[in-house]
Every structure is written in C-alpha cells, then in structure tokens.
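Worksheet for the structure shown next.
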Amino acid sequence: MRPQPRLIEVRKNVLKQNDVVARALRQRFHGSGVFVVSLVSSPGSGKTAFLERTLASLRPRYRVAALVGDLATENDAQRLARSQAPVKQITTGTLCHLEAAMVQSALENWDPGPLDFLFIENVGNLVCPSSYDLGEDLRLVLISVTEGEDKPLKYPTIFNSADVAVVTKMDLAAAVEFNWEAAYGNIQAVRPGMRVFRLSAKTGEGIDDYLEFLSERLAELRRAETTISSS
Amino acid sequence: MHELSIALSIVELAEEEAERRGVEIEAVHLKLGALSGVVKEALLSCYELACEQTPLQGSRLIVEDVPVMIFCLHCQARRPLQSIQLFSCPECGTPASEIVQGKELEVVALEIKECAPNPA
C-alpha cells in the first residue's frame, strides 16, 4: 500500500456556505429590482430610530420593508411597524449576528409584496457581523455622537467592510462636545473615500442628503438590471 | 463572539474532506486574515469545543496569521499595511482602499494521520 502524504492541500473558504446563500439572495433581490441595505452598529446607537425615520421618509415615494435582527424580543419590529411598512423580526437566540441563511428563511414565509427597498437591521454588534455577507447592496455602519469619535479606530474591521457611514444623534452633538472633524478623519483613516452622512433621526436634520443618495443607488441598480436583461 | 460558529464550520468542512478521502485528521491548517473579523485566541479555544464527539476530537488547529496588504495606486505596488487603523501606503502615505490580502478565513491544508504500517 502506497504511504499517504502527511499534508493534503484543501483551500476552502470557511464561510463558503454563507457566501453561496448570500449570492443567491443577491441574485434574487436584483432580479426583482429591490435595493437592499444592511445596518450595523453598536447596541444603543439608535439603529431602530434611524430605521423608523428612514422607512417613514421613504414610504410616500417607495415601497419599503424591513427585517430586524435581535437576540430576543419583538420590540423593534413593533416600533418599526408604526411606520406602516411591512416589518419582520428575526430573533437569533444567542447568536450575535445575522447570517445569510437566516435572511433566507425569514423571507420564506413572509411576503411584503413588491419592493423598492429592503432594510436588514443586524444585531447590535460592531464585531461579528463584519464576516457575514447577507446579500445586501449596501452595508451601512451607524454611529452616534454619544459614542465618541474614535469608534472607527476601535472597530476598524467593520468600518472597512461597510460601504457608507452615518453619524446620527447630531441634535446631541453640542451637548456631548462631539468633534465632527475628528470622527470624519477616523472614518477616512480606516476606510478611505467612504461617504459619510451626518443627521438626526429625531429632528430629521440632514436626512435629505441620505435619502437622495439611496434614491440614486436604487436608480443605478434599476439601470444596471435593465441593461442586463436587454442585452 | 461568533468564533464558535466559525469553529463548527471548520470542523464540519474538515470532517467532510476526511470522509471523502478516507483519512483521519491530525491537524487543520487555517489562514486567518487580520481583517477576517475573527479573533485567533477565541477561535482556538472554540475549536477544541467544536471537535468534541467528532472524528476530529484531539486534532489541532494551526493558524497562520495573514497580514493586510494593500495596492497603492500611487506607487503601483503591493504594500503591507502598518496598522489596520490607518489604511494608507506606508511608503508614500496615499490613502488606500484596495485590499489585496487580509480577509482570508480559509482552510488551506489537512494534516493526516499516518496509516498503520502495512503487515504485508
């Protein structure tokens, strides 16, 4: 019998399973013309208030829905339902992040109807969600002025994996002596060129630029899909 | 802490390979990028746990740290990043957004147990 070699080469991505599901989701979303935004932030940064404002502001012009991830409780879904948009909660139990398969199974028995935008609110966590592709078009990282300007330096991996950043609770900026230039500089240090919006979900200040940006991205997606389907 | 689910995926992946090839595994070699979002120490302790009551029980996880490399548009060259808190070229200081290495989370090889000496 031939002796077996001691080392065999494998080369396999550990998260391949997740990536395969994420790719299928992305194809499915694009096929139906939905622009998907995922939201990541630390707990308490105001993701739900921000999402509530986003849904309510987009709703007159667009068909919107949201999937919200949390370890437990359906409180966020109940809060978001006030925006009148279809909302579904994903309770992860003890898991600290969402995975593509959870998004997939949440969609299986939920029909929000035809959509323009789908928002996926990840579990409040700036570490674990960075590794998992959810099939989104845009990963949005949210920080609030009360968290300190150095958040990006403390969690460079998630900031680097995001496509756009939003600094929220700007209505509290003066009270906490928030230094916008420092925060902006730190974001650019870990993710050069990233677009950053500053706004207040509470007062609505600064939200128009961000909504305009989303509209443009949706239009881009639709144009790209039209080109693909007509070619 | 998502290292346990990562460790379970590694064990599952290695188990499948071992079964397919009819071998027993002594160690799993993993490439771990500095931007993978996975903490090595946590992964190592979770690995042991994930191996329990599987054919991989008692096997080792050997982690190779992969530093972040960027491509500097100004220098037109690959450069190692000095810190993941500063994405710019260590030579010329140009901000760098193109990452060419450092996101790896990849099983690269399996070390297998030698067969018992053939009596023939």
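We label chains A, B, ... in the order they appear in the structure tokens, count residues from 1 in each chain, and number ligands from 1 in the order shown.
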Margin query: Could you tell me which residues of chain B sit within 9 Å of chain A when counting only C-alpha atoms, and give me the result as JSON, numbers by chain?
Written below: {"B": [1, 2, 3, 5, 6, 7, 9, 10, 13, 17, 23, 30, 34, 35, 36, 37, 38, 84, 85, 86, 87, 88, 95, 96, 97, 103, 104, 105, 106, 107, 108, 109, 110, 111, 112, 113, 114, 115, 117, 118, 120]}
Deliver the residues from the most recent selection as a file, using C-alpha atoms, as an mmCIF file, in the first residue's frame.
data_model
loop_
_atom_site.group_PDB
_atom_site.id
_atom_site.type_symbol
_atom_site.label_atom_id
_atom_site.label_comp_id
_atom_site.auth_asym_id
_atom_site.auth_seq_id
_atom_site.Cartn_x
_atom_site.Cartn_y
_atom_site.Cartn_z
ATOM 1 C CA MET B 1 -18.383 36.134 19.827
ATOM 2 C CA HIS B 2 -19.031 34.259 16.609
ATOM 3 C CA GLU B 3 -15.895 32.145 16.823
ATOM 4 C CA SER B 5 -19.922 29.018 14.790
ATOM 5 C CA ILE B 6 -16.763 29.582 12.721
ATOM 6 C CA ALA B 7 -15.058 26.699 14.568
ATOM 7 C CA SER B 9 -17.887 25.276 10.222
ATOM 8 C CA ILE B 10 -14.170 24.442 10.156
ATOM 9 C CA LEU B 13 -15.597 21.189 6.464
ATOM 10 C CA GLU B 17 -12.937 16.210 3.429
ATOM 11 C CA VAL B 23 -8.315 9.671 6.096
ATOM 12 C CA LEU B 30 -6.076 27.708 8.571
ATOM 13 C CA ALA B 34 -6.207 40.397 10.048
ATOM 14 C CA LEU B 35 -9.467 41.732 8.543
ATOM 15 C CA SER B 36 -11.399 38.476 8.759
ATOM 16 C CA GLY B 37 -13.230 39.676 11.844
ATOM 17 C CA VAL B 38 -12.220 36.542 13.736
ATOM 18 C CA ILE B 84 -5.497 48.374 10.468
ATOM 19 C CA GLN B 85 -6.315 51.759 11.957
ATOM 20 C CA LEU B 86 -4.670 53.546 9.075
ATOM 21 C CA PHE B 87 -5.419 52.458 5.529
ATOM 22 C CA SER B 88 -2.698 54.289 3.683
ATOM 23 C CA PRO B 95 -4.955 56.592 1.217
ATOM 24 C CA ALA B 96 -5.548 53.041 0.071
ATOM 25 C CA SER B 97 -8.899 51.399 -0.367
ATOM 26 C CA LYS B 103 -9.678 38.949 4.604
ATOM 27 C CA GLU B 104 -8.808 35.245 4.467
ATOM 28 C CA LEU B 105 -10.699 32.711 6.523
ATOM 29 C CA GLU B 106 -9.650 29.638 4.703
ATOM 30 C CA VAL B 107 -8.781 26.016 5.428
ATOM 31 C CA VAL B 108 -5.652 25.512 3.353
ATOM 32 C CA ALA B 109 -4.482 22.025 4.280
ATOM 33 C CA LEU B 110 -5.178 18.992 6.394
ATOM 34 C CA GLU B 111 -2.500 17.090 8.209
ATOM 35 C CA ILE B 112 -3.445 13.464 8.223
ATOM 36 C CA LYS B 113 -2.591 10.601 10.497
ATOM 37 C CA GLU B 114 -0.131 8.096 9.054
ATOM 38 C CA CYS B 115 -1.646 4.716 8.219
ATOM 39 C CA PRO B 117 2.282 0.009 8.977
ATOM 40 C CA ASN B 118 1.103 -2.497 6.437
ATOM 41 C CA ALA B 120 2.485 -7.326 4.192
#
Margin query: If you run DSSP on the backbone here, which positions in range 13-69 of chain B get strand (DSSP E)? Please write them as a PyMOL selection string.
Written below: chain B and resi 25-33+60-66+69
Excluding Cys51 in chain B and any residue of its chain fewer than 6 positions from it, enumerate the residues within 9 Å of it, using only C-alpha atoms, and give them as an mmCIF file with C-alpha atoms, in the first residue's frame.
data_model
loop_
_atom_site.group_PDB
_atom_site.id
_atom_site.type_symbol
_atom_site.label_atom_id
_atom_site.label_comp_id
_atom_site.auth_asym_id
_atom_site.auth_seq_id
_atom_site.Cartn_x
_atom_site.Cartn_y
_atom_site.Cartn_z
ATOM 1 C CA ALA B 7 -15.058 26.699 14.568
ATOM 2 C CA LEU B 8 -18.067 24.440 13.931
ATOM 3 C CA VAL B 11 -14.776 21.088 11.839
ATOM 4 C CA GLN B 57 -11.539 15.143 18.602
ATOM 5 C CA GLY B 58 -7.941 15.636 19.749
ATOM 6 C CA SER B 59 -6.887 17.279 16.479
#
Notebook entry, point to check: DSSP says alpha helix (DSSP H) for which residues of chain B? Put them as JSON, numbers by chain?
Noted result: {"B": [3, 4, 5, 6, 7, 8, 9, 10, 11, 12, 13, 14, 15, 16, 17, 18, 19, 20, 21, 40, 41, 42, 43, 44, 45, 46, 47, 48, 49, 50, 51]}
Put those residues in a file: C-alpha atoms, as a short mmCIF file (atom, residue, chain, number, x, y, z; two decimals), in the first residue's frame.
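Final output, saved to result-v5.cif:
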data_model
loop_
_atom_site.label_atom_id
_atom_site.label_comp_id
_atom_site.auth_asym_id
_atom_site.auth_seq_id
_atom_site.Cartn_x
_atom_site.Cartn_y
_atom_site.Cartn_z
CA GLU B 3 -15.90 32.15 16.82
CA LEU B 4 -17.82 29.05 17.93
CA SER B 5 -19.92 29.02 14.79
CA ILE B 6 -16.76 29.58 12.72
CA ALA B 7 -15.06 26.70 14.57
CA LEU B 8 -18.07 24.44 13.93
CA SER B 9 -17.89 25.28 10.22
CA ILE B 10 -14.17 24.44 10.16
CA VAL B 11 -14.78 21.09 11.84
CA GLU B 12 -17.66 20.28 9.51
CA LEU B 13 -15.60 21.19 6.46
CA ALA B 14 -12.62 19.12 7.63
CA GLU B 15 -14.84 16.18 8.54
CA GLU B 16 -16.37 16.13 5.06
CA GLU B 17 -12.94 16.21 3.43
CA ALA B 18 -11.65 13.46 5.71
CA GLU B 19 -14.64 11.25 4.95
CA ARG B 20 -14.38 11.86 1.23
CA ARG B 21 -10.70 10.94 1.20
CA LYS B 40 -7.48 33.86 16.85
CA GLU B 41 -7.36 33.10 20.58
CA ALA B 42 -11.13 32.76 20.82
CA LEU B 43 -11.17 30.58 17.73
CA LEU B 44 -8.51 28.23 19.14
CA SER B 45 -10.44 27.61 22.34
CA CYS B 46 -13.70 27.18 20.45
CA TYR B 47 -12.07 24.72 18.08
CA GLU B 48 -11.40 22.28 20.88
CA LEU B 49 -15.02 22.51 21.93
CA ALA B 50 -16.27 22.11 18.36
CA CYS B 51 -14.21 18.94 17.89
#
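The coordinates place CA of Asp171 in chain A at 26.2 Å from CA of Arg61 in chain A.
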Next item on the list: Excluding Gln101 in chain B and residues on its chain fewer than 3 positions from it, collect all residues at most 12 Å away from it, counting only C-alpha atoms, and give them as a PyMOL selection string.
Entry: chain B and resi 31-36+65-71+78-81+97-98+104-105
Long-range neighbours of Gln78 in chain A as a tab-separated table (two decimals) with N, CA and C atoms, in the first residue's frame, 12 Å cut-off, only C-alpha atoms, 2 positions minimum in chain:
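Written output follows (result_0.tsv):
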chain	number	residue	atom	x	y	z
A	48	THR	N	-32.75	51.57	15.43
A	48	THR	CA	-34.18	51.41	15.23
A	48	THR	C	-34.85	52.76	14.96
A	52	GLU	N	-36.67	53.68	11.60
A	52	GLU	CA	-38.05	54.14	11.65
A	52	GLU	C	-38.19	55.42	10.81
A	66	ALA	N	-38.70	46.00	6.12
A	66	ALA	CA	-37.51	45.78	6.95
A	66	ALA	C	-37.53	44.44	7.65
A	67	LEU	N	-36.33	43.87	7.75
A	67	LEU	CA	-36.10	42.67	8.56
A	67	LEU	C	-35.22	43.13	9.71
A	68	VAL	N	-35.62	42.82	10.93
A	68	VAL	CA	-34.79	43.28	12.05
A	68	VAL	C	-34.31	42.12	12.90
A	73	THR	N	-36.81	39.40	22.01
A	73	THR	CA	-37.92	40.38	21.98
A	73	THR	C	-38.29	40.79	20.55
A	74	GLU	N	-39.56	41.20	20.44
A	74	GLU	CA	-40.06	41.67	19.15
A	74	GLU	C	-40.29	43.18	19.22
A	75	ASN	N	-39.70	43.83	20.23
A	75	ASN	CA	-39.94	45.26	20.44
A	75	ASN	C	-39.62	46.12	19.23
A	76	ASP	N	-38.47	45.80	18.58
A	76	ASP	CA	-38.06	46.63	17.44
A	76	ASP	C	-39.07	46.54	16.30
A	80	LEU	N	-41.10	49.57	14.66
A	80	LEU	CA	-40.97	49.89	13.25
A	80	LEU	C	-42.30	49.78	12.51
A	81	ALA	N	-43.18	48.94	13.03
A	81	ALA	CA	-44.48	48.76	12.39
A	81	ALA	C	-45.27	50.06	12.38
A	82	ARG	N	-44.92	50.97	13.30
A	82	ARG	CA	-45.59	52.28	13.33
A	82	ARG	C	-45.39	53.05	12.03
A	83	SER	N	-44.32	52.73	11.31
A	83	SER	CA	-44.05	53.41	10.05
A	83	SER	C	-44.98	52.91	8.94
A	84	GLN	N	-45.81	51.90	9.25
A	84	GLN	CA	-46.76	51.28	8.30
A	84	GLN	C	-46.09	50.38	7.27
A	85	ALA	N	-44.78	50.27	7.32
A	85	ALA	CA	-44.08	49.40	6.37
A	85	ALA	C	-44.12	47.97	6.87
A	86	PRO	N	-44.11	46.98	5.97
A	86	PRO	CA	-44.03	45.59	6.44
A	86	PRO	C	-42.71	45.35	7.16
A	87	VAL	N	-42.80	44.76	8.34
A	87	VAL	CA	-41.59	44.53	9.15
A	87	VAL	C	-41.62	43.12	9.69
A	88	LYS	N	-40.47	42.47	9.65
A	88	LYS	CA	-40.41	41.13	10.25
A	88	LYS	C	-39.20	41.03	11.16
A	89	GLN	N	-39.43	40.46	12.33
A	89	GLN	CA	-38.35	40.30	13.30
A	89	GLN	C	-37.65	38.95	13.09
Margin query: Give me the residues near Ala165 in chain A as a PyMOL selection string, where near means some atom within 6 Å (using only C-alpha atoms) and where sequence neighbours in that chain fewer than 2 positions away do not count.
Written below: chain A and resi 140-142+196
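Distance-wise, CA of Tyr62 in chain A and CA of Phe117 in chain A end up 7.4 Å apart.
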